[in-house]
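Data block below; observations after.
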Amino acid sequence: MRAVVMAGGEGTRLRPMTANQPKPLLPVANRPIMEHVLRLLRRHGFDETVVTVQFLASLVRTYFGDGDELGMHLSYATEEAPLGTAGSVKNAEAALRDDSFLVISGDALTDIDLSGLVAAHRQHGALVTVCLTRVPDPLEFGIVIADEDGRVERFLEKPTWGQVFTDTVNTGIYVMEPEVFAHVPAGEVADWAGDVIPALLAAGAPVHGYVADGYWEDVGTHESYVRVQADVLNRQVEVEIHGFEVSPGVWIGDGAEVDPDARITGPVLIGDFAQVEGGAELREYTVLGDNVVVRSGAFLHRAVVHDNAFVGPHANLRGCVIGKSTDVMRGARVDEGAVIGDECVIEEEALVHDGVKVYPFKTIEAGAVVNTSVIWESRGSNALFGPRGVSGLVNVEITPEYVVRLASAYATTLKKGTVVTTSRDASRAARAFKRAVIAALTSSAIDVVDLEVVPLPVARYETGRSAAAGGVALRTTPGDPQSIDIVFLDETGAEVSRAVQRRIERTFSRQEFRRAFPGEIAELSFPPRLLDTYAQDLLAATDTRGVAEAGLKVVVDAAGGAAALVLPTLLGRLGVDVLTVNNRLDDVITTESLAAHMQAVHRLGELVSSSRAAFGVRFDHVGERLTLVDERGQLVHDDRALLVLLDLVAAERGRGATMALPVTTTRVAERVTSYHGAHVRWTSTSPHELAEEAGKPGVVFAGDGRGGFAFPAFGTAFDGIAAFASLVGLVARTQLALSEIDARIPAAHVLRRSVPTPWAAKGTVMRTVLEQAADREVDTTDGLRVVEPDGSWALVLPDPTQAITHLWAEGPDAVRAGSLLTAWAALVEDTVARADGDPAQAPAGAG
């Protein structure tokens, strides 16, 4: 059997280490990662190996040649352009079509039993066998669920936390039959995990999984690169270490000179012909490459120093990576997580702070303190985006400089000459930061259409109807006047998808921003009559039949927010008697606490009841969400307001209508819609996915139970202004009071709790929940929703941005919902405790 080693990756997340060499050539314990992979293949009898190459292919071919030095025969298949994991192997089809073959990545370190994998493949007679392993954080890998016989049932590449059902992931190692090439298009980009294997599963092809117990680490980040060095030195992975073990845990290469007065604390690896002077100190997990010189007084701890580097007297290196032929001069310090590229000079007494990246061929001047590199800088952030976009404290976490870098990262993901809208709320911070956004976008050759101060729904509307590629909206964080949210919109006006967020995060992390030439600096323009056009189009798309005849009176509280800009035009055309309050733009109070909000709602209720209005609404400060008060002046809580609007829409649209709701919503919603012949389509909690579902044929309404409503006849994203206009028409035609509608809807008993969960335990938690579900129905729309025989249910959903797991439970009464929530929360807490190493007991069953 032949093997295929995929060695074409650029390793962009590992820059600057991979700025001028391919990732498979990165040294781990002074040997390229790919060399460790080839030696593993040879130990398991794979002498004939095809290597697929693309990025800096000549360097891989030059280093390994024909494989004779490794006792193997290597041949190469070169891609002219990146073809993906499956496309690259398809490119080598001519050498593989005669027999089964093994596919393995050339840039992951492993000692997995490949012979056992091949035996399992042959035993099951599979078309493809996927090698699996268990990891504590499965978010960046493809998760796999297999049945008791090993047949793969579900395969999902790079899930969100809401899609993590297990901690068993794909290692990227496969055994395949040549017939699989019939499912891979020639000359096109295709991936095994993202394209081919899901298609095979959908077609019912025999795809099996093999859970391996050996070591496996995808060396995809700087942290994992430093970590694998320690794992090799700790002998946690079975690889050959080049050198003589002169004392336990201390390896020294050929020709190396280590002064007896040097202090060495193993495990440590010192490369060939390296020189360590007396008085130098090498602490645990330090790796010195070949020909490295370490002068007296230098201190190195968990430092990885590549070939031919120089470490001067009294230099201090901790948890960092130093590139080839780089000089770290006297007294210089490089801190935890910093990466210095090849052939750099860190001059005397310079300080490179945590996480900073310095690209090849750069000089850091003597005495410089580098914490936001003027060349390339990394904050080491895994996830910029939270539930409200990119959020943080004004001028603490979100500064003008930070905003410029963030907007530059966004611009770099777009084509030059595309159009982006910008908008803001009335706050002064949003005004200042929007100017930074505009500067960054236009200087990156992105034309900007500035909408100025508008409600967020108007910004979504204009972004979606124009030729814009997206938008950036800035607003004060709800409930926190000291913070700001930066919301990125896609071409439809909805929040960008998680895939786009990841692209922005990667570009921001690498700090490799595109800049325009002077002649490419883009234009800034301002659209005319935007608010009038919005109001006109909204009324054209809204059913207002019966409004004039009903003689409705409503009370509207604009809350001093941006909705005040649209309401005068809209209300004048809607034909309803309106009492408005706070209908002016307030640039000082741009959000409010919960207590202040409830006081304002109480005052609204008093106005509604005293004026005998049909209902009252209060908008949030960006006009995206609304709070509802019935004709008695009583607050209609957000979850009940969703059911009330659901009932109104379903009663009017009738049979065949579809409502899109997040999976966290009470199942009373199904009873309400089915009574009128409509039905619910359940979605994830992601606003982007909810908007996507709202845009599908037949969907007439969407809501999230937190004051957000969408009427797809006008727009698929939440729009409080459009929801108000639609509600006026619905109430006018139903001739029922809101309290009457609310009273006929059954009570719902949904409870919620959050459990602190370390990131490393989240995958284990979800696997444990799935195992405990046993034979009960499990819904994987978002997280794991376990349905009990009596119809009660519990939902377990890891938070995508915080070390928290959220739980919901619903039952026929509060007691049943409470007991269910308590049981599942206890299971999560127990699993977290066991993952942290507390005394373990088998987790109690939930149900």
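Chain labels A, B, ... are given in the sequence in which chains occur in the structure tokens; within each chain residues are numbered consecutively from 1, and ligands are likewise numbered from 1 in the order shown.
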
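Residues of region 393-423 of chain A that DSSP places in alpha helix (DSSP H), based on the backbone of this structure, are Pro400, Glu401, Tyr402, Val403, Val404, Arg405, Leu406, Ala407, Ser408, Ala409, Tyr410, Ala411 and Thr412 of chain A.
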
Could you turn the residues from that selection into a file that holds N, CA and C atoms, as a PDB file, in the first residue's frame?
```pdb
ATOM      1  N   PRO A 400      -9.343  54.124  18.961  1.00  0.00           N
ATOM      2  CA  PRO A 400      -9.296  54.463  17.532  1.00  0.00           C
ATOM      3  C   PRO A 400      -8.279  53.634  16.758  1.00  0.00           C
ATOM      4  N   GLU A 401      -7.127  53.366  17.385  1.00  0.00           N
ATOM      5  CA  GLU A 401      -6.104  52.559  16.700  1.00  0.00           C
ATOM      6  C   GLU A 401      -6.617  51.139  16.455  1.00  0.00           C
ATOM      7  N   TYR A 402      -7.279  50.585  17.461  1.00  0.00           N
ATOM      8  CA  TYR A 402      -7.840  49.238  17.328  1.00  0.00           C
ATOM      9  C   TYR A 402      -8.893  49.205  16.228  1.00  0.00           C
ATOM     10  N   VAL A 403      -9.742  50.224  16.180  1.00  0.00           N
ATOM     11  CA  VAL A 403     -10.797  50.273  15.168  1.00  0.00           C
ATOM     12  C   VAL A 403     -10.205  50.350  13.770  1.00  0.00           C
ATOM     13  N   VAL A 404      -9.144  51.123  13.618  1.00  0.00           N
ATOM     14  CA  VAL A 404      -8.489  51.215  12.305  1.00  0.00           C
ATOM     15  C   VAL A 404      -7.984  49.845  11.868  1.00  0.00           C
ATOM     16  N   ARG A 405      -7.345  49.119  12.788  1.00  0.00           N
ATOM     17  CA  ARG A 405      -6.842  47.792  12.425  1.00  0.00           C
ATOM     18  C   ARG A 405      -7.983  46.838  12.111  1.00  0.00           C
ATOM     19  N   LEU A 406      -9.067  46.898  12.895  1.00  0.00           N
ATOM     20  CA  LEU A 406     -10.213  46.022  12.661  1.00  0.00           C
ATOM     21  C   LEU A 406     -10.858  46.309  11.312  1.00  0.00           C
ATOM     22  N   ALA A 407     -11.090  47.585  11.005  1.00  0.00           N
ATOM     23  CA  ALA A 407     -11.687  47.938   9.715  1.00  0.00           C
ATOM     24  C   ALA A 407     -10.749  47.607   8.564  1.00  0.00           C
ATOM     25  N   SER A 408      -9.449  47.733   8.784  1.00  0.00           N
ATOM     26  CA  SER A 408      -8.481  47.368   7.747  1.00  0.00           C
ATOM     27  C   SER A 408      -8.519  45.871   7.473  1.00  0.00           C
ATOM     28  N   ALA A 409      -8.676  45.077   8.544  1.00  0.00           N
ATOM     29  CA  ALA A 409      -8.790  43.628   8.359  1.00  0.00           C
ATOM     30  C   ALA A 409     -10.038  43.298   7.545  1.00  0.00           C
ATOM     31  N   TYR A 410     -11.147  43.941   7.863  1.00  0.00           N
ATOM     32  CA  TYR A 410     -12.386  43.735   7.092  1.00  0.00           C
ATOM     33  C   TYR A 410     -12.195  44.137   5.638  1.00  0.00           C
ATOM     34  N   ALA A 411     -11.573  45.279   5.405  1.00  0.00           N
ATOM     35  CA  ALA A 411     -11.348  45.741   4.037  1.00  0.00           C
ATOM     36  C   ALA A 411     -10.477  44.771   3.246  1.00  0.00           C
ATOM     37  N   THR A 412      -9.506  44.176   3.915  1.00  0.00           N
ATOM     38  CA  THR A 412      -8.595  43.252   3.236  1.00  0.00           C
ATOM     39  C   THR A 412      -9.316  42.004   2.749  1.00  0.00           C
TER      40      THR A 412
END
```

If you run DSSP on this backbone, which residues of region 313-406 of chain A come out as strand (DSSP E or B), and could you give them as a ChimeraX atom specification?
/A:316-318,321-322,327-328,333-334,339-340,345-346,351-352,357-358,363-364,369-370,386,389-394,398

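Distances here use only C-alpha atoms; by that measure, the residue among A:Leu102, A:Leu645, A:Ala212, A:Val60 closest to Phe46 (chain A) is A:Leu102.
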
Considering only C-alpha atoms, give me a table of residues in region 612-699 of chain A that are at most 12 Å from region 471-480 of chain A, with the closest atom pair and distance in Å for each, as JSON lines.
```
{"residue": "A:Asp620", "atom": "CA", "partner": "A:Pro478", "partner_atom": "CA", "distance": 8.4}
{"residue": "A:His621", "atom": "CA", "partner": "A:Pro478", "partner_atom": "CA", "distance": 8.2}
{"residue": "A:Val622", "atom": "CA", "partner": "A:Arg475", "partner_atom": "CA", "distance": 7.5}
{"residue": "A:Gly623", "atom": "CA", "partner": "A:Arg475", "partner_atom": "CA", "distance": 11.2}
{"residue": "A:Glu624", "atom": "CA", "partner": "A:Pro478", "partner_atom": "CA", "distance": 11.3}
{"residue": "A:Arg625", "atom": "CA", "partner": "A:Pro478", "partner_atom": "CA", "distance": 11.0}
```

I need the chosen residues saved as a short mmCIF file (atom, residue, chain, number, x, y, z; two decimals), in the first residue's frame, with N, CA, C and O atoms.
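Once everything was written out, this is result_38.cif:
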```cif
data_model
loop_
_atom_site.label_atom_id
_atom_site.label_comp_id
_atom_site.auth_asym_id
_atom_site.auth_seq_id
_atom_site.Cartn_x
_atom_site.Cartn_y
_atom_site.Cartn_z
N ASP A 620 -35.81 50.24 21.14
CA ASP A 620 -34.48 50.39 21.70
C ASP A 620 -33.79 51.57 21.01
O ASP A 620 -34.35 52.19 20.11
N HIS A 621 -32.56 51.88 21.40
CA HIS A 621 -31.94 53.11 20.92
C HIS A 621 -31.50 53.05 19.46
O HIS A 621 -31.15 54.10 18.90
N VAL A 622 -31.50 51.88 18.86
CA VAL A 622 -31.16 51.81 17.44
C VAL A 622 -32.35 51.36 16.60
O VAL A 622 -32.22 51.11 15.40
N GLY A 623 -33.53 51.25 17.20
CA GLY A 623 -34.73 50.93 16.44
C GLY A 623 -34.81 49.50 15.97
O GLY A 623 -35.62 49.18 15.10
N GLU A 624 -34.01 48.61 16.57
CA GLU A 624 -33.97 47.23 16.11
C GLU A 624 -34.97 46.35 16.85
O GLU A 624 -35.55 45.43 16.27
N ARG A 625 -35.20 46.63 18.11
CA ARG A 625 -36.08 45.82 18.93
C ARG A 625 -37.14 46.71 19.57
O ARG A 625 -36.95 47.93 19.70
#
```

Need to verify the contact set: Leu565 (chain A), 9 Å, only C-alpha atoms, exclusion of same-chain residues closer than 2 positions in sequence. Can you return it as a PyMOL selection string?
chain A and resi 453-455+531+561-563+567-569+583-585

Within 9 Å of Pro457 (chain A) using only C-alpha atoms, minus same-chain residues under 3 positions, as a compact mmCIF listing (two decimals) with C-alpha atoms, in the first residue's frame:
```
# COMPACT_ATOMS: atom_id res chain seq x y z
CA VAL A 454 -29.78 56.16 11.24
CA ARG A 460 -29.52 47.04 7.03
CA TYR A 461 -32.14 48.10 4.48
CA GLU A 462 -29.80 50.40 2.57
CA GLY A 493 -27.92 43.66 5.65
CA VAL A 622 -31.16 51.81 17.44
CA GLY A 623 -34.73 50.93 16.44
CA GLU A 624 -33.97 47.23 16.11
CA GLY A 715 -36.52 42.42 5.32
CA ALA A 717 -33.19 40.92 9.74
CA PHE A 718 -34.72 42.28 12.94
CA ASP A 719 -36.48 45.60 12.37
CA GLY A 720 -38.43 47.18 15.22
CA ILE A 721 -39.87 49.88 12.98
CA ALA A 722 -41.18 47.38 10.42
```

For His688 (chain A), which residue among A:Thr418, A:Ser497, A:Ser100, A:Asn30 is the nearest when counting only C-alpha atoms?
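Closest to His688 (chain A) of all the choices is A:Ser497.
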
From the options A:Gly214, A:Ile438, A:Val169, A:Ser75, which residue's atoms come nearest to Asp111 (chain A), counting only C-alpha atoms?
A:Gly214

Could you build a table of the residues in region 18-91 of chain A lying no more than 12 Å from region 301-311 of chain A, giving for each the nearest pair of atoms and their separation in Å rounded to one decimal place, using only C-alpha atoms, ordered by chain and ascending residue number, as a Markdown table?
```
| residue | atom | partner | partner_atom | distance |
| --- | --- | --- | --- | --- |
| A:Leu25 | CA | A:His306 | CA | 11.8 |
| A:Leu26 | CA | A:His306 | CA | 9.3 |
| A:Pro27 | CA | A:His306 | CA | 7.7 |
| A:Val28 | CA | A:Val304 | CA | 9.1 |
| A:Ala29 | CA | A:Val304 | CA | 8.9 |
| A:Asn30 | CA | A:His306 | CA | 7.7 |
| A:Arg31 | CA | A:His306 | CA | 10.4 |
| A:Pro32 | CA | A:His306 | CA | 11.3 |
```

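Every protein or nucleic acid residue with an atom no more than 9 Å from Leu132 (chain A), counting only C-alpha atoms and leaving out same-chain residues fewer than 5 positions away, appears here: Ile143, Val144, Thr168, Val169, Asn170, Thr171, Gly172, Ile173, Gly209, Tyr210, Val211, Ala212 and Asp213 of chain A.
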
Store the residues picked out above, limited to N, CA, C and O atoms, as a PDB file, in the first residue's frame.
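Once everything was written out, this is again-v1.pdb:
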```
ATOM      1  N   ILE A 143     -15.750  17.358  13.529  1.00  0.00           N
ATOM      2  CA  ILE A 143     -16.260  16.398  14.500  1.00  0.00           C
ATOM      3  C   ILE A 143     -16.978  15.269  13.777  1.00  0.00           C
ATOM      4  O   ILE A 143     -17.595  15.462  12.734  1.00  0.00           O
ATOM      5  N   VAL A 144     -16.896  14.072  14.368  1.00  0.00           N
ATOM      6  CA  VAL A 144     -17.404  12.864  13.724  1.00  0.00           C
ATOM      7  C   VAL A 144     -18.183  12.051  14.746  1.00  0.00           C
ATOM      8  O   VAL A 144     -17.735  11.870  15.878  1.00  0.00           O
ATOM      9  N   THR A 168     -14.867  13.769  19.585  1.00  0.00           N
ATOM     10  CA  THR A 168     -14.165  12.891  18.648  1.00  0.00           C
ATOM     11  C   THR A 168     -14.017  13.626  17.317  1.00  0.00           C
ATOM     12  O   THR A 168     -15.006  14.025  16.711  1.00  0.00           O
ATOM     13  N   VAL A 169     -12.776  13.817  16.879  1.00  0.00           N
ATOM     14  CA  VAL A 169     -12.532  14.654  15.709  1.00  0.00           C
ATOM     15  C   VAL A 169     -11.719  13.903  14.656  1.00  0.00           C
ATOM     16  O   VAL A 169     -11.072  12.891  14.922  1.00  0.00           O
ATOM     17  N   ASN A 170     -11.761  14.458  13.478  1.00  0.00           N
ATOM     18  CA  ASN A 170     -11.041  13.932  12.327  1.00  0.00           C
ATOM     19  C   ASN A 170      -9.583  14.380  12.393  1.00  0.00           C
ATOM     20  O   ASN A 170      -9.289  15.564  12.535  1.00  0.00           O
ATOM     21  N   THR A 171      -8.654  13.431  12.286  1.00  0.00           N
ATOM     22  CA  THR A 171      -7.230  13.763  12.305  1.00  0.00           C
ATOM     23  C   THR A 171      -6.692  14.153  10.936  1.00  0.00           C
ATOM     24  O   THR A 171      -5.549  14.602  10.838  1.00  0.00           O
ATOM     25  N   GLY A 172      -7.494  13.972   9.890  1.00  0.00           N
ATOM     26  CA  GLY A 172      -6.987  14.216   8.541  1.00  0.00           C
ATOM     27  C   GLY A 172      -6.170  13.062   7.999  1.00  0.00           C
ATOM     28  O   GLY A 172      -5.504  13.199   6.965  1.00  0.00           O
ATOM     29  N   ILE A 173      -6.218  11.921   8.685  1.00  0.00           N
ATOM     30  CA  ILE A 173      -5.552  10.706   8.206  1.00  0.00           C
ATOM     31  C   ILE A 173      -6.634   9.758   7.705  1.00  0.00           C
ATOM     32  O   ILE A 173      -7.612   9.499   8.421  1.00  0.00           O
ATOM     33  N   GLY A 209     -15.069   4.937  10.766  1.00  0.00           N
ATOM     34  CA  GLY A 209     -14.153   5.668  11.628  1.00  0.00           C
ATOM     35  C   GLY A 209     -13.327   4.712  12.471  1.00  0.00           C
ATOM     36  O   GLY A 209     -13.806   3.653  12.883  1.00  0.00           O
ATOM     37  N   TYR A 210     -12.098   5.104  12.737  1.00  0.00           N
ATOM     38  CA  TYR A 210     -11.186   4.320  13.568  1.00  0.00           C
ATOM     39  C   TYR A 210     -10.647   5.262  14.649  1.00  0.00           C
ATOM     40  O   TYR A 210      -9.936   6.219  14.345  1.00  0.00           O
ATOM     41  N   VAL A 211     -11.027   5.021  15.897  1.00  0.00           N
ATOM     42  CA  VAL A 211     -10.605   5.883  16.999  1.00  0.00           C
ATOM     43  C   VAL A 211      -9.226   5.426  17.468  1.00  0.00           C
ATOM     44  O   VAL A 211      -9.067   4.308  17.965  1.00  0.00           O
ATOM     45  N   ALA A 212      -8.248   6.303  17.290  1.00  0.00           N
ATOM     46  CA  ALA A 212      -6.865   5.965  17.630  1.00  0.00           C
ATOM     47  C   ALA A 212      -6.518   6.502  19.013  1.00  0.00           C
ATOM     48  O   ALA A 212      -7.008   7.549  19.432  1.00  0.00           O
ATOM     49  N   ASP A 213      -5.654   5.775  19.712  1.00  0.00           N
ATOM     50  CA  ASP A 213      -5.267   6.163  21.062  1.00  0.00           C
ATOM     51  C   ASP A 213      -3.944   6.907  21.117  1.00  0.00           C
ATOM     52  O   ASP A 213      -3.563   7.399  22.170  1.00  0.00           O
TER      53      ASP A 213
END
```

Show me, as number ranges by chain, the residues that have an atom within 12 Å of Gly204 (chain A) when counting only C-alpha atoms, minus same-chain residues fewer than 3 positions from it.
A: 126-128, 151-154, 197-201, 207-208

Keeping all heavy atoms for every residue in the selection just given, could you write it to a file as a compact mmCIF listing (two decimals), in the first residue's frame?
```txt
# COMPACT_ATOMS: atom_id res chain seq x y z
N ALA A 126 -14.39 -0.82 3.89
CA ALA A 126 -14.89 0.54 3.68
C ALA A 126 -14.31 1.14 2.42
O ALA A 126 -13.24 0.76 1.94
CB ALA A 126 -14.52 1.41 4.89
N LEU A 127 -15.05 2.12 1.89
CA LEU A 127 -14.51 2.94 0.80
C LEU A 127 -13.51 3.93 1.38
O LEU A 127 -12.44 4.17 0.80
CB LEU A 127 -15.65 3.68 0.08
CG LEU A 127 -15.23 4.66 -1.02
CD1 LEU A 127 -14.56 3.92 -2.16
CD2 LEU A 127 -16.44 5.45 -1.53
N VAL A 128 -13.85 4.50 2.52
CA VAL A 128 -12.97 5.44 3.21
C VAL A 128 -13.01 5.11 4.70
O VAL A 128 -14.09 4.90 5.27
CB VAL A 128 -13.41 6.90 3.00
CG1 VAL A 128 -12.55 7.85 3.84
CG2 VAL A 128 -13.35 7.29 1.54
N ARG A 151 -19.27 2.78 11.72
CA ARG A 151 -19.73 3.47 10.51
C ARG A 151 -20.06 4.92 10.84
O ARG A 151 -20.79 5.20 11.79
CB ARG A 151 -20.95 2.77 9.91
CG ARG A 151 -21.38 3.39 8.58
CD ARG A 151 -22.07 2.39 7.70
NE ARG A 151 -22.42 2.96 6.42
CZ ARG A 151 -22.65 2.27 5.32
NH1 ARG A 151 -22.52 0.95 5.35
NH2 ARG A 151 -22.98 2.86 4.19
N VAL A 152 -19.52 5.83 10.06
CA VAL A 152 -19.70 7.25 10.32
C VAL A 152 -21.14 7.65 10.00
O VAL A 152 -21.65 7.37 8.90
CB VAL A 152 -18.71 8.09 9.50
CG1 VAL A 152 -19.00 9.58 9.67
CG2 VAL A 152 -17.28 7.78 9.93
N GLU A 153 -21.79 8.31 10.97
CA GLU A 153 -23.17 8.76 10.79
C GLU A 153 -23.25 10.25 10.51
O GLU A 153 -24.13 10.71 9.80
CB GLU A 153 -24.00 8.45 12.04
CG GLU A 153 -24.13 6.96 12.33
CD GLU A 153 -24.92 6.71 13.60
OE1 GLU A 153 -24.89 7.58 14.51
OE2 GLU A 153 -25.58 5.66 13.68
N ARG A 154 -22.33 11.01 11.09
CA ARG A 154 -22.39 12.45 10.91
C ARG A 154 -20.98 13.00 10.89
O ARG A 154 -20.11 12.56 11.64
CB ARG A 154 -23.20 13.11 12.02
CG ARG A 154 -23.37 14.61 11.80
CD ARG A 154 -24.59 15.15 12.50
NE ARG A 154 -24.79 16.54 12.12
CZ ARG A 154 -25.61 17.37 12.73
NH1 ARG A 154 -26.33 16.94 13.75
NH2 ARG A 154 -25.75 18.62 12.36
N ILE A 197 -16.27 13.77 1.78
CA ILE A 197 -16.83 12.83 2.77
C ILE A 197 -18.30 13.13 3.08
O ILE A 197 -19.12 12.20 3.13
CB ILE A 197 -15.95 12.78 4.03
CG1 ILE A 197 -14.60 12.14 3.67
CG2 ILE A 197 -16.64 12.00 5.14
CD1 ILE A 197 -13.62 12.08 4.80
N PRO A 198 -18.71 14.40 3.28
CA PRO A 198 -20.14 14.66 3.45
C PRO A 198 -20.98 14.18 2.27
O PRO A 198 -22.09 13.66 2.45
CB PRO A 198 -20.21 16.18 3.61
CG PRO A 198 -18.90 16.55 4.19
CD PRO A 198 -17.92 15.62 3.54
N ALA A 199 -20.44 14.32 1.05
CA ALA A 199 -21.18 13.83 -0.12
C ALA A 199 -21.26 12.31 -0.12
O ALA A 199 -22.30 11.74 -0.49
CB ALA A 199 -20.49 14.33 -1.40
N LEU A 200 -20.19 11.64 0.29
CA LEU A 200 -20.22 10.18 0.37
C LEU A 200 -21.24 9.72 1.40
O LEU A 200 -21.98 8.76 1.17
CB LEU A 200 -18.83 9.65 0.73
CG LEU A 200 -17.73 9.81 -0.33
CD1 LEU A 200 -16.39 9.35 0.22
CD2 LEU A 200 -18.08 9.03 -1.60
N LEU A 201 -21.29 10.40 2.55
CA LEU A 201 -22.27 10.03 3.58
C LEU A 201 -23.68 10.23 3.07
O LEU A 201 -24.57 9.40 3.32
CB LEU A 201 -22.04 10.86 4.84
CG LEU A 201 -20.74 10.58 5.61
CD1 LEU A 201 -20.61 11.55 6.77
CD2 LEU A 201 -20.71 9.14 6.12
N VAL A 207 -18.42 4.68 4.82
CA VAL A 207 -17.36 5.48 5.43
C VAL A 207 -17.29 5.07 6.90
O VAL A 207 -18.27 5.16 7.62
CB VAL A 207 -17.64 6.98 5.30
CG1 VAL A 207 -16.55 7.78 5.99
CG2 VAL A 207 -17.76 7.38 3.83
N HIS A 208 -16.12 4.61 7.32
CA HIS A 208 -15.96 4.13 8.69
C HIS A 208 -14.97 5.00 9.45
O HIS A 208 -14.14 5.70 8.85
CB HIS A 208 -15.48 2.67 8.69
CG HIS A 208 -16.59 1.69 8.46
ND1 HIS A 208 -17.14 0.93 9.46
CD2 HIS A 208 -17.28 1.39 7.34
CE1 HIS A 208 -18.11 0.18 8.97
NE2 HIS A 208 -18.21 0.43 7.68
```
